[in-house]
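Chemist: Provided herewith: entry-v1.cif, mmCIF, C-alpha atoms and all ligand atoms.
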data_query
loop_
_atom_site.label_atom_id
_atom_site.label_comp_id
_atom_site.auth_asym_id
_atom_site.auth_seq_id
_atom_site.Cartn_x
_atom_site.Cartn_y
_atom_site.Cartn_z
CA MET A 1431 90.27 10.99 153.01
CA THR A 1432 86.57 10.51 152.39
CA GLU A 1433 84.82 7.15 152.36
CA GLN A 1434 84.42 7.47 148.58
CA GLU A 1435 88.16 8.11 148.14
CA TRP A 1436 88.98 5.15 150.38
CA LEU A 1437 87.06 2.83 148.06
CA SER A 1438 89.21 3.63 145.03
CA THR A 1439 92.58 4.95 146.24
CA THR A 1440 95.91 3.14 145.84
CA ASP A 1441 97.67 5.48 148.27
CA LEU A 1442 98.70 2.87 150.83
CA CYS A 1443 100.26 5.33 153.26
CA ALA A 1444 97.13 7.49 153.37
CA MET A 1445 95.03 4.38 153.93
CA LEU A 1446 97.22 3.26 156.82
CA PHE A 1447 97.04 6.67 158.45
CA GLN A 1448 93.25 6.52 158.12
CA ALA A 1449 93.16 3.08 159.78
CA HIS A 1450 95.55 4.29 162.48
CA ASP A 1451 93.42 7.33 163.25
CA ALA A 1452 90.40 5.03 163.62
CA HIS A 1453 92.40 2.82 166.06
CA ILE A 1454 91.72 -0.33 164.05
CA ASP A 1455 95.30 -1.07 162.95
CA SER A 1456 96.02 -3.83 165.43
CA ASP A 1457 99.37 -5.60 165.19
CA ARG A 1458 97.53 -8.74 164.13
CA LYS A 1459 95.70 -7.03 161.26
CA LEU A 1460 98.86 -5.28 160.05
CA ARG A 1461 100.77 -8.53 160.17
CA LEU A 1462 98.09 -10.45 158.28
CA LEU A 1463 97.95 -7.67 155.70
CA LEU A 1464 101.69 -7.91 155.11
CA ILE A 1465 101.50 -11.68 154.92
CA ALA A 1466 98.79 -11.40 152.28
CA CYS A 1467 101.08 -9.03 150.35
CA CYS A 1468 103.88 -11.59 150.60
CA ARG A 1469 101.64 -14.45 149.51
CA ARG A 1470 100.70 -12.51 146.39
CA ILE A 1471 104.36 -12.59 145.31
CA TRP A 1472 105.01 -16.10 146.64
CA ASN A 1473 106.71 -17.26 143.44
CA ASN A 1474 109.22 -14.44 143.79
CA LEU A 1475 110.15 -15.48 147.30
CA SER A 1476 112.80 -17.73 145.85
CA HIS A 1477 114.65 -18.46 149.09
CA PRO A 1478 113.32 -20.99 151.61
CA GLN A 1479 114.23 -18.69 154.49
CA LEU A 1480 111.98 -15.96 153.08
CA ARG A 1481 109.04 -18.31 152.74
CA ALA A 1482 109.72 -19.67 156.20
CA ALA A 1483 109.68 -16.15 157.65
CA VAL A 1484 106.28 -15.49 156.09
CA LYS A 1485 104.84 -18.74 157.41
CA ILE A 1486 106.23 -18.14 160.88
CA GLY A 1487 104.90 -14.57 160.80
CA GLU A 1488 101.49 -15.95 159.99
CA ARG A 1489 101.60 -18.45 162.82
CA TYR A 1490 102.82 -15.69 165.12
CA ALA A 1491 99.71 -13.70 164.22
CA GLU A 1492 97.67 -16.68 165.43
CA GLY A 1493 99.61 -16.83 168.69
CA GLU A 1494 101.29 -20.13 167.81
CA VAL A 1495 104.92 -18.98 167.71
CA SER A 1496 107.20 -17.60 170.41
CA ASP A 1497 109.09 -14.32 170.11
CA PRO A 1498 112.52 -16.04 169.86
CA GLU A 1499 111.26 -18.23 166.98
CA ARG A 1500 109.88 -15.19 165.19
CA SER A 1501 113.14 -13.33 165.77
CA ASN A 1502 115.23 -16.21 164.41
CA ALA A 1503 113.09 -16.38 161.27
CA PHE A 1504 113.55 -12.66 160.74
CA LEU A 1505 117.33 -12.85 161.16
CA SER A 1506 117.54 -15.77 158.71
CA ALA A 1507 115.58 -13.77 156.16
CA VAL A 1508 117.84 -10.76 156.66
CA ARG A 1509 120.95 -12.89 156.10
CA VAL A 1510 119.53 -14.16 152.82
CA THR A 1511 118.64 -10.71 151.61
CA ASP A 1512 122.11 -9.36 152.43
CA ASN A 1513 123.17 -11.10 149.23
CA PHE A 1514 120.63 -9.28 147.09
CA ASN A 1515 121.97 -6.53 144.90
CA HIS A 1516 118.87 -4.45 144.67
CA PRO A 1517 118.28 -0.78 143.99
CA VAL A 1518 115.96 0.71 146.56
CA ARG A 1519 113.50 2.82 144.65
CA ASP A 1520 110.79 3.54 147.14
CA TRP A 1521 110.80 2.43 150.74
CA THR A 1522 107.85 4.51 151.77
CA TRP A 1523 105.07 2.01 151.58
CA VAL A 1524 106.92 -0.66 153.48
CA ARG A 1525 108.14 1.77 156.09
CA GLU A 1526 104.51 2.57 156.70
CA LEU A 1527 103.30 -1.00 156.41
CA ALA A 1528 106.01 -2.12 158.77
CA LYS A 1529 105.32 0.50 161.37
CA GLY A 1530 105.81 -0.80 164.85
CA THR A 1531 108.25 -3.48 165.69
CA VAL A 1532 105.90 -6.43 165.80
CA ALA A 1533 104.97 -6.33 162.14
CA HIS A 1534 108.41 -5.31 160.98
CA HIS A 1535 109.94 -8.55 159.83
CA VAL A 1536 107.24 -9.53 157.37
CA GLY A 1537 107.28 -6.05 155.87
CA TYR A 1538 111.01 -6.31 155.45
CA VAL A 1539 110.73 -9.67 153.74
CA SER A 1540 108.01 -8.35 151.47
CA LEU A 1541 110.09 -5.33 150.54
CA LEU A 1542 113.21 -7.28 149.75
CA ALA A 1543 111.28 -9.81 147.73
CA LEU A 1544 109.84 -6.99 145.69
CA PHE A 1545 113.33 -5.67 145.05
CA ASP A 1546 114.89 -9.05 144.40
CA ASP A 1547 116.91 -8.83 141.19
CA ASP A 1548 114.90 -11.61 139.61
CA TRP A 1549 111.68 -9.86 140.46
CA LEU A 1550 112.89 -6.59 138.96
CA LYS A 1551 113.93 -8.28 135.74
CA SER A 1552 110.51 -9.80 135.28
CA ASN A 1553 108.62 -6.80 136.61
CA PRO A 1554 110.56 -3.58 136.03
CA THR A 1555 107.91 -1.39 137.57
CA GLY A 1556 108.73 -3.02 140.89
CA ASN A 1557 106.48 -2.48 143.84
CA PHE A 1558 104.22 -0.04 142.04
CA ALA A 1559 102.66 -2.89 140.09
CA GLU A 1560 101.53 -4.43 143.38
CA ARG A 1561 100.01 -1.26 144.78
CA PRO A 1562 96.43 -1.69 143.47
CA PHE A 1563 96.32 -5.26 144.77
CA GLN A 1564 97.73 -4.23 148.14
CA ALA A 1565 95.13 -1.46 148.37
CA ASP A 1566 92.41 -4.05 147.72
CA LEU A 1567 93.87 -6.26 150.44
CA MET A 1568 93.82 -3.30 152.81
CA ARG A 1569 90.15 -2.72 152.00
CA ASP A 1570 89.49 -6.39 152.77
CA VAL A 1571 91.22 -6.15 156.14
CA PHE A 1572 89.78 -2.82 157.24
CA GLY A 1573 86.58 -2.60 155.19
CA LEU A 1574 84.65 0.54 155.99
CA LEU A 1575 85.70 0.40 159.63
CA PRO A 1576 87.74 3.64 159.33
CA PHE A 1577 84.46 5.46 158.63
CA ARG A 1578 81.74 3.47 160.36
CA THR A 1579 81.24 2.23 163.84
CA MET A 1580 80.13 -1.32 163.27
CA ARG A 1581 78.11 -2.91 166.01
CA LYS A 1582 80.15 -5.32 167.98
CA ILE A 1583 78.63 -8.66 167.14
CA ASP A 1584 77.00 -10.37 170.06
CA ARG A 1585 78.03 -13.97 169.52
CA ARG A 1586 74.99 -15.18 171.43
CA ARG A 1587 72.85 -13.71 168.66
CA THR A 1588 74.89 -15.23 165.86
CA ASN A 1589 73.75 -18.50 164.40
CA ALA A 1590 76.08 -21.35 165.43
CA ALA A 1591 76.18 -22.55 161.82
CA THR A 1592 77.31 -19.08 160.71
CA ARG A 1593 80.12 -19.07 163.25
CA LYS A 1594 81.14 -22.59 162.24
CA LEU A 1595 81.24 -21.66 158.54
CA ALA A 1596 83.27 -18.50 159.27
CA GLY A 1597 85.70 -20.53 161.38
CA GLU A 1598 86.24 -23.06 158.60
CA ILE A 1599 86.72 -20.37 155.96
CA TYR A 1600 89.36 -18.79 158.20
CA SER A 1601 91.24 -21.88 159.33
CA LYS A 1602 91.15 -23.75 156.01
CA ARG A 1603 91.39 -20.67 153.77
CA LEU A 1604 88.12 -21.55 152.04
CA PHE A 1605 87.56 -17.96 150.93
CA ARG A 1606 85.55 -19.15 147.92
CA LEU A 1607 82.80 -19.88 150.47
CA MET A 1608 82.43 -16.21 151.44
CA PRO A 1609 79.22 -15.81 149.38
CA ALA A 1610 77.74 -18.69 151.40
CA LEU A 1611 78.71 -16.83 154.57
CA GLY A 1612 76.89 -13.81 153.15
CA ASP A 1613 73.76 -15.94 152.67
CA SER A 1614 74.06 -17.21 156.22
CA LEU A 1615 74.56 -13.70 157.60
CA ALA A 1616 71.51 -12.48 155.66
CA GLU A 1617 69.42 -14.63 158.03
CA SER A 1618 71.09 -13.09 161.07
CA PRO A 1619 69.70 -10.07 162.93
CA VAL A 1620 73.21 -8.86 163.78
CA ALA A 1621 74.56 -8.57 160.22
CA THR A 1622 74.58 -5.25 158.39
CA ASP A 1623 73.97 -4.76 154.69
CA GLU A 1624 77.65 -3.82 154.29
CA MET A 1625 78.77 -7.12 155.82
CA ILE A 1626 76.50 -9.17 153.56
CA ALA A 1627 77.53 -7.21 150.47
CA HIS A 1628 81.21 -7.68 151.30
CA CYS A 1629 80.81 -11.44 151.53
CA ARG A 1630 79.03 -11.55 148.18
CA ALA A 1631 81.47 -9.23 146.38
CA SER A 1632 83.94 -10.77 143.96
CA THR A 1633 86.96 -9.19 145.66
CA ALA A 1634 89.83 -11.08 147.29
CA HIS A 1635 89.43 -12.17 150.91
CA VAL A 1636 92.31 -13.03 153.22
CA ARG A 1637 92.87 -13.84 156.86
CA GLY A 1638 92.12 -10.60 158.65
CA CYS A 1639 89.06 -9.91 156.43
CA TRP A 1640 86.97 -7.45 158.45
CA VAL A 1641 83.73 -9.44 158.20
CA LEU A 1642 85.34 -12.74 159.20
CA ASP A 1643 87.01 -10.96 162.11
CA LEU A 1644 83.70 -9.48 163.27
CA VAL A 1645 81.95 -12.85 163.16
CA LEU A 1646 84.84 -14.64 164.85
CA GLY A 1647 85.43 -11.93 167.44
CA LYS A 1648 88.98 -11.23 166.30
CA ARG A 1649 90.67 -7.84 166.25
ZN ZN B 1701 86.73 -10.05 153.04
#
Translate this file's structure into structure tokens.
Modeler:
Amino acid sequence: MTEQEWLSTTDLCAMLFQAHDAHIDSDRKLRLLLIACCRRIWNNLSHPQLRAAVKIGERYAEGEVSDPERSNAFLSAVRVTDNFNHPVRDWTWVRELAKGTVAHHVGYVSLLALFDDDWLKSNPTGNFAERPFQADLMRDVFGLLPFRTMRKIDRRRTNAATRKLAGEIYSKRLFRLMPALGDSLAESPVATDEMIAHCRASTAHVRGCWVLDLVLGKR
């Protein structure tokens, strides 16, 4: 896949392989990507156990939840979804999204929510309707990192106000402030044009956003 193809494709599996080959598909990033996919279909997660599993998965990504708690949330979600009578049309994207055991449970929840009977009735094209949005989320999480070696940001050279703003956007989900982060980064010697442009773009940002992660030193 070329950089130009990456910017427009909706082939989620190909994108994941690209990220994997570039060694940037950390468990945390994959998990946050899946959580963002789940949050997009939040209204279709009609069972409390499913929503709980997503929230616990998110806290697990932040290191706030133990493995047994994560495991219990997953098993509760599985028990709920045992009652679904859903046709499985295409498992491929979730099998790829859920690669590795750590990110598995959120991928499973996302899949089953997409194939929930209620979801299918209201959205007969199923998961395919979500693909373009999921591809955009993947571009937010990985950016151009599969093709470029971004300088590791030296936090000593980053303005304290920039770091504070990035931290607040991340912790409080104030993604509408990303353009302000772009303005702040424009004053910084460590920011690249791509980072500034990403902050100012009108695309969706989520936890795991590649620019926020660079500024905050997360992987
Ligand atoms: Zn972003």
Chemist: Give me the chain A side of the contact with ligand ZN 1701 (chain B), cut-off 12 Å, one line per residue showing its nearest atom pair and distance in Å at one decimal, counting all atoms listed in the file, sorted by chain and residue number, as CSV.
Modeler:
residue,atom,partner,partner_atom,distance
A:Leu1463,CA,B:ZN1701,ZN,11.8
A:Asp1566,CA,B:ZN1701,ZN,9.8
A:Leu1567,CA,B:ZN1701,ZN,8.5
A:Met1568,CA,B:ZN1701,ZN,9.8
A:Arg1569,CA,B:ZN1701,ZN,8.2
A:Asp1570,CA,B:ZN1701,ZN,4.6
A:Val1571,CA,B:ZN1701,ZN,6.7
A:Phe1572,CA,B:ZN1701,ZN,8.9
A:Gly1573,CA,B:ZN1701,ZN,7.8
A:Leu1574,CA,B:ZN1701,ZN,11.2
A:Ala1596,CA,B:ZN1701,ZN,11.1
A:Ile1599,CA,B:ZN1701,ZN,10.7
A:Tyr1600,CA,B:ZN1701,ZN,10.5
A:Arg1603,CA,B:ZN1701,ZN,11.6
A:Leu1604,CA,B:ZN1701,ZN,11.6
A:Phe1605,CA,B:ZN1701,ZN,8.2
A:Arg1606,CA,B:ZN1701,ZN,10.5
A:Leu1607,CA,B:ZN1701,ZN,10.9
A:Met1608,CA,B:ZN1701,ZN,7.7
A:Pro1609,CA,B:ZN1701,ZN,10.1
A:Leu1611,CA,B:ZN1701,ZN,10.6
A:Gly1612,CA,B:ZN1701,ZN,10.5
A:Glu1624,CA,B:ZN1701,ZN,11.1
A:Met1625,CA,B:ZN1701,ZN,8.9
A:Ile1626,CA,B:ZN1701,ZN,10.3
A:Ala1627,CA,B:ZN1701,ZN,10.0
A:His1628,CA,B:ZN1701,ZN,6.3
A:Cys1629,CA,B:ZN1701,ZN,6.3
A:Arg1630,CA,B:ZN1701,ZN,9.2
A:Ala1631,CA,B:ZN1701,ZN,8.5
A:Ser1632,CA,B:ZN1701,ZN,9.5
A:Thr1633,CA,B:ZN1701,ZN,7.4
A:Ala1634,CA,B:ZN1701,ZN,6.6
A:His1635,CA,B:ZN1701,ZN,4.0
A:Val1636,CA,B:ZN1701,ZN,6.3
A:Arg1637,CA,B:ZN1701,ZN,8.2
A:Gly1638,CA,B:ZN1701,ZN,7.8
A:Cys1639,CA,B:ZN1701,ZN,4.1
A:Trp1640,CA,B:ZN1701,ZN,6.0
A:Val1641,CA,B:ZN1701,ZN,6.0
A:Leu1642,CA,B:ZN1701,ZN,6.9
A:Asp1643,CA,B:ZN1701,ZN,9.1
A:Leu1644,CA,B:ZN1701,ZN,10.7
A:Val1645,CA,B:ZN1701,ZN,11.5
Chemist: Measuring atom to atom with all atoms listed in the file, identify which of A:Pro1576, A:Gly1647, A:Pro1478, A:Gly1487 is nearest to Ala1444 (chain A).
Modeler: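 Using all atoms listed in the file, Ala1444 (chain A) sits closest to A:Pro1576.
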Chemist: Please build the interface table for region 1447-1503 of chain A against region 1435-1442 of chain A with a cut-off of 12 Å, listing for each qualifying residue the nearest atom pair and the distance in Å to one decimal; count all atoms listed in the file, order rows by chain and increasing number, and write it as a Markdown table.
Modeler:
| residue | atom | partner | partner_atom | distance |
| --- | --- | --- | --- | --- |
| A:Phe1447 | CA | A:Leu1442 | CA | 8.7 |
| A:Gln1448 | CA | A:Trp1436 | CA | 8.9 |
| A:Ala1449 | CA | A:Trp1436 | CA | 10.5 |
| A:Leu1463 | CA | A:Leu1442 | CA | 11.6 |
| A:Leu1464 | CA | A:Leu1442 | CA | 12.0 |
Chemist: For Arg1561 (chain A), which residue among A:Cys1467, A:Leu1460, A:Met1431, A:Ala1491 is the nearest when counting all atoms listed in the file?
Modeler: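 Closest residue, counting all atoms listed in the file: A:Cys1467.
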Chemist: Identify which of the residues A:Ser1614, A:Asn1473, A:Phe1577, A:Thr1622 lies closest to Thr1432 (chain A), counting all atoms listed in the file when measuring atom-to-atom distances.
Modeler: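 Counting all atoms listed in the file, the residue closest to Thr1432 (chain A) is A:Phe1577.
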Chemist: Do you have the CA of Ala1610 (chain A)-CA of Glu1598 (chain A) distance handy?
Modeler: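 Computing the Euclidean distance for CA of Ala1610 (chain A) and CA of Glu1598 (chain A) yields 12.0 Å.
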Chemist: Between CA of Ala1482 (chain A) and CA of Glu1560 (chain A), measure the distance and give it in Å to one decimal.
Modeler: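 It comes out at 21.5 Å.
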